[in-house]
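What follows is the content of query_20.txt, which has compact mmCIF, C-alpha atoms and all ligand atoms:
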```
# COMPACT_ATOMS: atom_id res chain seq x y z
CA MET A 1 78.29 103.97 74.79
CA ASN A 2 79.65 106.85 76.86
CA GLU A 3 82.19 109.14 75.30
CA VAL A 4 85.78 108.25 76.24
CA LYS A 5 87.82 111.15 77.60
CA THR A 6 91.55 110.71 77.82
CA LEU A 7 93.75 112.28 80.47
CA GLY A 8 95.30 114.53 77.81
CA GLN A 9 91.90 115.81 76.65
CA PHE A 10 90.73 116.31 80.23
CA ILE A 11 93.85 118.28 81.20
CA ILE A 12 93.44 120.63 78.25
CA GLU A 13 89.74 121.12 79.01
CA LYS A 14 90.48 121.91 82.65
CA GLN A 15 93.06 124.53 81.72
CA ALA A 16 90.07 126.87 81.36
CA ASP A 17 89.67 126.68 85.17
CA PHE A 18 92.88 128.71 85.43
CA PRO A 19 92.31 131.78 83.27
CA TYR A 20 95.89 133.02 83.61
CA ALA A 21 97.47 129.63 83.00
CA LYS A 22 99.71 129.37 79.98
CA GLY A 23 99.52 125.63 79.74
CA GLU A 24 102.67 124.88 81.72
CA LEU A 25 100.93 122.95 84.48
CA SER A 26 98.97 121.04 81.85
CA ARG A 27 102.19 120.07 80.11
CA LEU A 28 103.76 119.07 83.41
CA LEU A 29 100.81 116.80 84.24
CA ARG A 30 100.95 115.33 80.76
CA ASP A 31 104.68 114.56 81.20
CA ILE A 32 103.98 112.84 84.53
CA GLY A 33 101.22 110.80 82.83
CA ILE A 34 103.66 109.62 80.16
CA ALA A 35 106.30 108.63 82.73
CA ALA A 36 103.59 106.75 84.66
CA LYS A 37 102.74 104.71 81.55
CA ILE A 38 106.37 103.72 81.09
CA VAL A 39 106.70 102.75 84.76
CA ASN A 40 103.45 100.81 84.48
CA ARG A 41 104.82 98.82 81.55
CA GLU A 42 107.85 97.75 83.58
CA VAL A 43 105.89 97.08 86.79
CA ASN A 44 103.57 94.81 84.79
CA LYS A 45 106.55 92.88 83.46
CA ALA A 46 108.18 92.56 86.86
CA GLY A 47 107.32 88.89 87.24
CA LEU A 48 108.57 88.06 83.76
CA MET A 49 111.85 89.82 83.65
CA ASP A 50 114.90 89.30 85.72
CA ILE A 51 114.41 92.73 87.18
CA LEU A 52 113.43 91.76 90.70
CA GLY A 53 115.69 91.75 93.70
CA GLN A 54 117.73 94.32 95.43
CA THR A 55 120.55 96.14 93.71
CA GLY A 56 122.61 96.13 96.83
CA SER A 57 122.46 99.90 97.16
CA THR A 58 120.41 101.62 99.83
CA ASN A 59 118.54 104.90 99.61
CA ILE A 60 119.25 107.74 101.99
CA GLN A 61 116.67 106.46 104.47
CA GLY A 62 118.86 103.36 104.78
CA GLU A 63 116.24 101.13 103.16
CA HIS A 64 116.90 98.70 100.33
CA GLN A 65 116.19 100.04 96.90
CA GLN A 66 114.86 97.56 94.39
CA LYS A 67 115.66 97.79 90.73
CA LEU A 68 112.23 99.03 89.80
CA ASP A 69 112.51 101.91 92.29
CA ILE A 70 115.58 103.06 90.47
CA PHE A 71 113.95 102.59 87.08
CA ALA A 72 110.83 104.52 88.13
CA ASN A 73 112.93 107.27 89.69
CA GLY A 74 114.90 107.62 86.47
CA GLN A 75 111.78 107.76 84.31
CA PHE A 76 110.09 110.48 86.33
CA ILE A 77 113.27 112.54 86.55
CA LYS A 78 113.84 112.18 82.81
CA ALA A 79 110.28 113.25 81.96
CA LEU A 80 110.46 116.24 84.30
CA THR A 81 113.92 117.28 83.16
CA SER A 82 113.14 117.20 79.46
CA GLY A 83 109.64 118.64 79.74
CA GLY A 84 110.85 122.18 80.43
CA GLU A 85 108.22 123.13 83.02
CA CYS A 86 110.00 121.94 86.15
CA CYS A 87 112.97 123.70 87.80
CA ILE A 88 113.53 121.33 90.73
CA VAL A 89 112.77 117.66 91.28
CA ALA A 90 112.89 116.28 94.82
CA SER A 91 112.67 112.51 95.04
CA GLU A 92 112.33 110.18 97.99
CA GLU A 93 115.14 108.21 96.40
CA ASN A 94 117.62 111.10 96.17
CA GLU A 95 119.38 112.68 99.08
CA ASP A 96 119.43 116.15 97.54
CA ILE A 97 117.18 118.13 95.28
CA ILE A 98 117.85 117.98 91.55
CA VAL A 99 118.10 121.47 90.11
CA ILE A 100 117.25 121.49 86.42
CA ASP A 101 119.60 123.87 84.78
CA SER A 102 118.96 123.39 81.09
CA PRO A 103 118.03 125.95 78.43
CA VAL A 104 114.63 124.29 78.02
CA ALA A 105 113.82 124.83 81.72
CA HIS A 106 115.04 128.42 81.71
CA ASN A 107 111.66 129.91 82.67
CA ALA A 108 110.33 126.88 84.53
CA LYS A 109 108.36 127.77 87.62
CA TYR A 110 107.25 124.44 89.03
CA ILE A 111 108.79 122.25 91.71
CA VAL A 112 107.89 118.56 91.70
CA ALA A 113 108.32 116.16 94.62
CA ILE A 114 107.99 112.45 93.82
CA ASP A 115 107.88 109.10 95.50
CA PRO A 116 108.57 107.19 92.29
CA LEU A 117 107.60 103.73 93.54
CA ASP A 118 105.93 103.54 96.92
CA GLY A 119 105.46 100.22 98.67
CA SER A 120 108.16 98.63 96.55
CA SER A 121 108.64 95.77 99.01
CA ASN A 122 105.32 94.50 97.57
CA ILE A 123 106.61 94.11 94.01
CA ASP A 124 108.14 90.67 94.31
CA VAL A 125 104.84 89.26 95.62
CA ASN A 126 102.74 90.87 92.87
CA VAL A 127 100.87 93.24 95.20
CA ALA A 128 99.84 96.76 94.19
CA VAL A 129 102.40 99.56 94.35
CA GLY A 130 102.13 103.23 93.46
CA SER A 131 103.78 106.49 92.48
CA ILE A 132 103.02 109.81 94.20
CA PHE A 133 103.66 113.35 92.99
CA SER A 134 103.25 116.81 94.43
CA ILE A 135 103.63 120.13 92.59
CA TYR A 136 104.49 123.57 93.97
CA ARG A 137 105.07 126.91 92.34
CA LYS A 138 108.46 128.61 92.79
CA ILE A 139 108.13 131.21 95.57
CA ASN A 140 110.08 133.97 93.82
CA THR A 141 109.72 133.73 90.06
CA ASP A 142 112.66 136.09 89.49
CA ALA A 143 115.18 134.17 91.60
CA PRO A 144 116.65 130.71 91.04
CA ALA A 145 114.72 127.98 92.87
CA THR A 146 116.31 126.49 95.97
CA ILE A 147 115.50 123.91 98.62
CA VAL A 148 113.29 126.56 100.30
CA ASP A 149 110.90 126.23 97.36
CA VAL A 150 110.59 122.51 98.02
CA CYS A 151 110.04 122.97 101.75
CA GLN A 152 106.76 124.86 101.39
CA PRO A 153 103.86 123.70 103.58
CA GLY A 154 101.49 121.28 101.87
CA LYS A 155 98.73 123.87 101.62
CA GLN A 156 100.83 125.62 98.94
CA GLN A 157 100.56 122.64 96.58
CA VAL A 158 99.09 123.50 93.19
CA ALA A 159 98.55 119.88 92.20
CA ALA A 160 99.10 116.38 93.54
CA GLY A 161 98.33 112.90 92.39
CA TYR A 162 99.12 109.24 92.54
CA VAL A 163 99.26 106.28 90.24
CA VAL A 164 98.21 102.89 91.57
CA TYR A 165 99.57 99.90 89.66
CA GLY A 166 96.89 97.46 90.76
CA SER A 167 94.51 95.01 89.12
CA SER A 168 94.14 97.91 86.73
CA THR A 169 96.35 100.99 86.64
CA MET A 170 94.83 104.27 87.71
CA LEU A 171 96.03 107.84 87.86
CA VAL A 172 94.19 110.08 90.33
CA TYR A 173 94.97 113.78 90.64
CA THR A 174 93.80 117.16 91.88
CA THR A 175 94.66 120.72 90.98
CA GLY A 176 92.61 122.02 93.92
CA LYS A 177 89.28 121.76 92.13
CA GLY A 178 88.15 118.29 93.10
CA VAL A 179 89.66 114.90 92.38
CA ASN A 180 89.42 112.89 89.18
CA GLY A 181 90.52 109.35 88.44
CA PHE A 182 91.65 107.82 85.14
CA THR A 183 92.05 104.14 84.34
CA LEU A 184 94.70 103.02 81.89
CA ASP A 185 93.18 101.26 78.89
CA PRO A 186 96.09 99.06 77.81
CA SER A 187 94.54 98.46 74.38
CA ILE A 188 94.91 102.14 73.43
CA GLY A 189 97.65 103.07 75.90
CA GLU A 190 95.67 105.97 77.34
CA PHE A 191 94.44 106.92 80.80
CA CYS A 192 90.66 107.38 80.39
CA LEU A 193 88.40 109.29 82.76
CA SER A 194 86.68 106.58 84.80
CA HIS A 195 86.12 108.20 88.23
CA PRO A 196 85.02 111.82 87.74
CA ASN A 197 84.69 114.03 90.82
CA MET A 198 85.75 111.45 93.41
CA ARG A 199 84.29 111.98 96.89
CA ILE A 200 85.33 110.06 100.00
CA PRO A 201 82.35 109.04 102.17
CA ALA A 202 82.21 111.06 105.40
CA ASP A 203 81.91 107.80 107.34
CA GLY A 204 83.40 104.43 106.56
CA CYS A 205 83.82 100.95 107.97
CA ILE A 206 87.48 100.29 107.19
CA TYR A 207 90.48 100.99 109.38
CA SER A 208 93.97 100.49 107.95
CA VAL A 209 96.93 100.34 110.29
CA ASN A 210 99.82 97.94 110.80
CA GLU A 211 98.47 96.30 113.94
CA GLY A 212 101.65 94.27 114.28
CA ASN A 213 103.12 97.43 115.79
CA TYR A 214 100.27 97.71 118.32
CA VAL A 215 102.43 97.46 121.43
CA HIS A 216 104.57 100.33 120.16
CA PHE A 217 101.64 102.67 119.42
CA PRO A 218 100.75 105.74 121.50
CA LYS A 219 97.88 105.30 123.95
CA GLY A 220 95.40 107.31 121.83
CA VAL A 221 95.95 105.03 118.81
CA LYS A 222 95.59 101.89 120.92
CA GLN A 223 92.31 103.22 122.31
CA TYR A 224 91.04 104.20 118.87
CA ILE A 225 91.81 100.70 117.52
CA LYS A 226 89.87 99.19 120.41
CA TYR A 227 87.00 101.59 119.59
CA CYS A 228 87.05 100.32 115.96
CA GLN A 229 86.70 96.74 117.24
CA VAL A 230 83.78 97.27 119.63
CA GLU A 231 80.34 96.02 118.56
CA ASP A 232 77.86 98.88 118.04
CA SER A 233 75.22 98.57 115.33
CA THR A 234 74.40 102.30 115.34
CA THR A 235 77.91 103.13 114.08
CA ASN A 236 78.41 99.93 112.01
CA ARG A 237 81.11 98.68 114.34
CA PRO A 238 83.15 96.58 114.55
CA TYR A 239 84.89 98.04 111.51
CA THR A 240 86.75 95.94 108.97
CA SER A 241 90.54 95.88 109.11
CA ARG A 242 92.31 96.16 105.73
CA TYR A 243 96.04 96.77 105.37
CA ILE A 244 97.99 96.11 102.20
CA GLY A 245 101.21 97.81 103.26
CA SER A 246 101.20 99.99 100.14
CA MET A 247 100.03 103.45 101.14
CA VAL A 248 98.73 104.33 97.68
CA ALA A 249 96.64 101.17 97.40
CA ASP A 250 95.38 101.39 100.99
CA LEU A 251 94.36 105.01 100.54
CA HIS A 252 92.87 104.46 97.10
CA ARG A 253 90.56 101.78 98.50
CA ASN A 254 89.57 103.94 101.46
CA LEU A 255 88.98 106.93 99.18
CA ILE A 256 86.43 104.93 97.24
CA LYS A 257 84.85 102.93 100.05
CA GLY A 258 85.32 105.20 103.06
CA GLY A 259 87.82 104.45 105.80
CA ILE A 260 90.77 105.67 107.80
CA PHE A 261 94.47 104.99 107.24
CA ILE A 262 96.82 105.53 110.16
CA TYR A 263 100.60 105.43 110.33
CA PRO A 264 101.34 106.77 113.81
CA VAL A 265 104.59 107.31 115.61
CA THR A 266 105.91 104.07 117.07
CA ALA A 267 108.66 103.24 119.49
CA HIS A 268 110.84 102.37 116.47
CA ALA A 269 109.74 105.31 114.30
CA PRO A 270 109.44 108.21 116.75
CA GLN A 271 108.57 110.68 113.96
CA GLY A 272 106.36 108.19 112.10
CA LYS A 273 107.51 106.38 108.97
CA LEU A 274 105.96 108.22 106.05
CA ARG A 275 107.54 111.28 104.49
CA LEU A 276 105.79 114.62 104.71
CA VAL A 277 106.94 115.98 101.34
CA TYR A 278 106.65 112.86 99.20
CA GLU A 279 103.78 110.94 100.77
CA CYS A 280 101.74 112.78 103.44
CA ASN A 281 101.23 116.20 101.83
CA PRO A 282 100.19 114.99 98.37
CA MET A 283 97.84 112.37 99.82
CA ALA A 284 96.42 114.94 102.25
CA PHE A 285 95.72 117.35 99.37
CA ILE A 286 93.91 114.65 97.37
CA VAL A 287 91.89 113.40 100.33
CA GLU A 288 90.89 116.91 101.44
CA GLN A 289 89.89 117.75 97.90
CA ALA A 290 87.68 114.64 97.93
CA GLY A 291 86.00 115.85 101.14
CA GLY A 292 88.14 113.94 103.65
CA LYS A 293 90.63 114.94 106.29
CA ALA A 294 94.34 114.43 107.08
CA THR A 295 96.11 115.20 110.35
CA ASP A 296 99.17 114.11 112.28
CA GLY A 297 96.83 113.19 115.12
CA LEU A 298 96.41 116.78 116.30
CA ASN A 299 97.35 119.16 113.46
CA ARG A 300 96.36 119.46 109.82
CA ILE A 301 99.04 117.75 107.72
CA MET A 302 99.09 120.47 105.07
CA GLU A 303 99.92 123.15 107.65
CA LEU A 304 102.90 121.38 109.20
CA PRO A 305 106.14 123.32 108.77
CA VAL A 306 108.58 121.52 106.48
CA THR A 307 112.04 121.83 107.94
CA GLU A 308 113.78 118.99 106.11
CA LEU A 309 113.42 117.44 102.70
CA HIS A 310 113.08 113.90 104.03
CA GLN A 311 111.10 114.78 107.15
CA ARG A 312 108.69 112.14 108.43
CA SER A 313 105.27 112.61 109.98
CA PRO A 314 102.62 110.48 111.63
CA ILE A 315 99.40 110.51 109.60
CA PHE A 316 95.69 109.93 110.20
CA ILE A 317 93.90 110.27 106.87
CA GLY A 318 90.58 109.39 105.29
CA SER A 319 86.86 109.81 105.95
CA LYS A 320 86.27 113.04 107.82
CA ASN A 321 84.20 111.69 110.72
CA MET A 322 86.58 108.78 111.29
CA VAL A 323 89.62 111.07 111.40
CA ASP A 324 87.74 113.42 113.75
CA MET A 325 87.06 110.51 116.10
CA ALA A 326 90.67 109.26 116.01
CA GLU A 327 91.83 112.80 116.70
CA ARG A 328 89.54 112.93 119.76
CA PHE A 329 91.23 109.81 121.13
CA MET A 330 94.67 111.33 120.47
CA HIS A 331 93.70 114.55 122.15
CA ASP A 332 92.27 112.88 125.27
CA ALA A 333 95.04 110.30 125.70
P1 LIG A 401 108.44 102.90 101.07
O1 LIG A 401 108.35 104.35 100.65
O2 LIG A 401 109.81 102.54 101.53
O3 LIG A 401 107.89 101.99 100.03
O4 LIG A 401 107.58 102.76 102.40
C1 LIG A 401 106.30 103.30 102.45
C2 LIG A 401 105.31 102.20 102.66
C3 LIG A 401 103.90 102.67 102.49
O5 LIG A 401 103.44 102.45 101.19
C4 LIG A 401 103.15 101.82 103.46
O6 LIG A 401 101.98 102.42 103.89
C5 LIG A 401 104.12 101.64 104.57
O7 LIG A 401 105.41 101.78 104.00
C6 LIG A 401 104.02 100.30 105.20
O8 LIG A 401 104.91 100.24 106.26
P2 LIG A 401 104.88 99.02 107.32
O9 LIG A 401 105.40 97.83 106.59
O10 LIG A 401 105.76 99.48 108.43
O11 LIG A 401 103.45 98.85 107.77
MG MG A 402 107.39 105.74 99.81
```
I'd like the structure from this file rewritten - as structure tokens, please.
Ligand code: AHM
Ligand code: MG
Amino acid sequence: MNEVKTLGQFIIEKQADFPYAKGELSRLLRDIGIAAKIVNREVNKAGLMDILGQTGSTNIQGEHQQKLDIFANGQFIKALTSGGECCIVASEENEDIIVIDSPVAHNAKYIVAIDPLDGSSNIDVNVAVGSIFSIYRKINTDAPATIVDVCQPGKQQVAAGYVVYGSSTMLVYTTGKGVNGFTLDPSIGEFCLSHPNMRIPADGCIYSVNEGNYVHFPKGVKQYIKYCQVEDSTTNRPYTSRYIGSMVADLHRNLIKGGIFIYPVTAHAPQGKLRLVYECNPMAFIVEQAGGKATDGLNRIMELPVTELHQRSPIFIGSKNMVDMAERFMHDA
């Protein structure tokens, strides 16, 4: 039998990759892992408990929040607030940043952006959902952290990861030295290393896009979709269409199998739907670290200027050659 390595053991081992690290990032990742286990427990019980349904409140994007969104948001904020390594939390569910001003976080130098429960409209039909996190270092260690520290371009991320609550629960993360995946073993309550050094195939056969919006897509996207559907045995086309409607689950599948995920601008979402800080940048960091590519159709996601906390961006992300091809269609359209 292979040796089991838990997330905690792996994080401590990897601390050696950062010779000047004092263990703060490791503790931060460990805190996020613990919050993820608590959220997982509740997500798993969603069908059993009377926890489903909307609370009646809406988040700042004007979308319905479900009870589990609020629960997950609270768990991550609690873990990050009490851990002592994080000075600001920015959450997709909160209009403003949360500045942690407690004695325990006095010297904290990390900023964490979270989408506590992405794809939450899938919960009441028992379809996979996820959590996403993104970690930055405070720009000026001697000054109090502000919103400017949160609005750093994605290429400044020091770590990013996601948790997918699927047929099994997995936590996948990067600190800029490759991507590793851990599966939760419910019998021991630990995330165990199951997918070391994840690499996304350079080519794939899956395209993931909400084709219901086809008429509202830009010309380049329409043409790329048609390209995906044309028969050509030399490039394994037509490709397969797979779209769950949960970004984490759609990207997780494509990361393993090879594929492209697109959420373009549409007539109804002129900036795109997904959020740069909470969704696009962390996923771009993970996918790039796995050998893939992420753009807004023309520019690298992680170099886009962040001007607003809740800014949206179109995204084309996944296998490098597929994203290159989609980008060509966008460029020529
Ligand atoms: P959410 O943050 O409100 O859950 O929305 C994000 C989700 C993504 O997980 C998913 O890729 C996308 O919305 C699906 O949107 P659509 O239903 O428009 O295809
Ligand atoms: Mg989301």
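The residues sitting within 6 Å of ligand LIG 401 (chain A), with only C-alpha atoms and all ligand atoms considered, come out as Asp118, Gly119, Ser120, Asn210, Gly245, Ser246 and Met247 of chain A.
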Do you know which residues lie at most 9 Å from (96.7, 106.2, 120.1), with coordinates as in the file and all atoms listed in the file counted, and could you write them as a PyMOL selection string?
chain A and resi 217-225+264+297+326-327+329-330+333
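Of the residues under consideration (A:Leu184, A:Ala249, A:Ile286, A:Ile315), A:Ile315 shows the shortest atom-to-atom contact distance to Gln271 in chain A when counting all atoms listed in the file.
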Compute the set of protein, DNA and RNA residues whose minimum atom distance to ligand MG 402 (chain A) is at most 10 Å, using only C-alpha atoms and all ligand atoms, and state it as a ChimeraX atom specification.
/A:69,91-93,114-120,129-132,246-248,273-275,278-280
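Residues in contact with Ala46 in chain A at up to 12 Å, not including ones fewer than 5 positions away on its chain and judged by only C-alpha atoms, are Val39, Asn40, Arg41, Ile51, Leu52, Gly53, Gln66, Lys67, Leu68, Asp69, Phe71, Ser120, Asn122, Ile123, Asp124, Val125, Asn126, Val127, Ala128, Val129 and Tyr165 of chain A.
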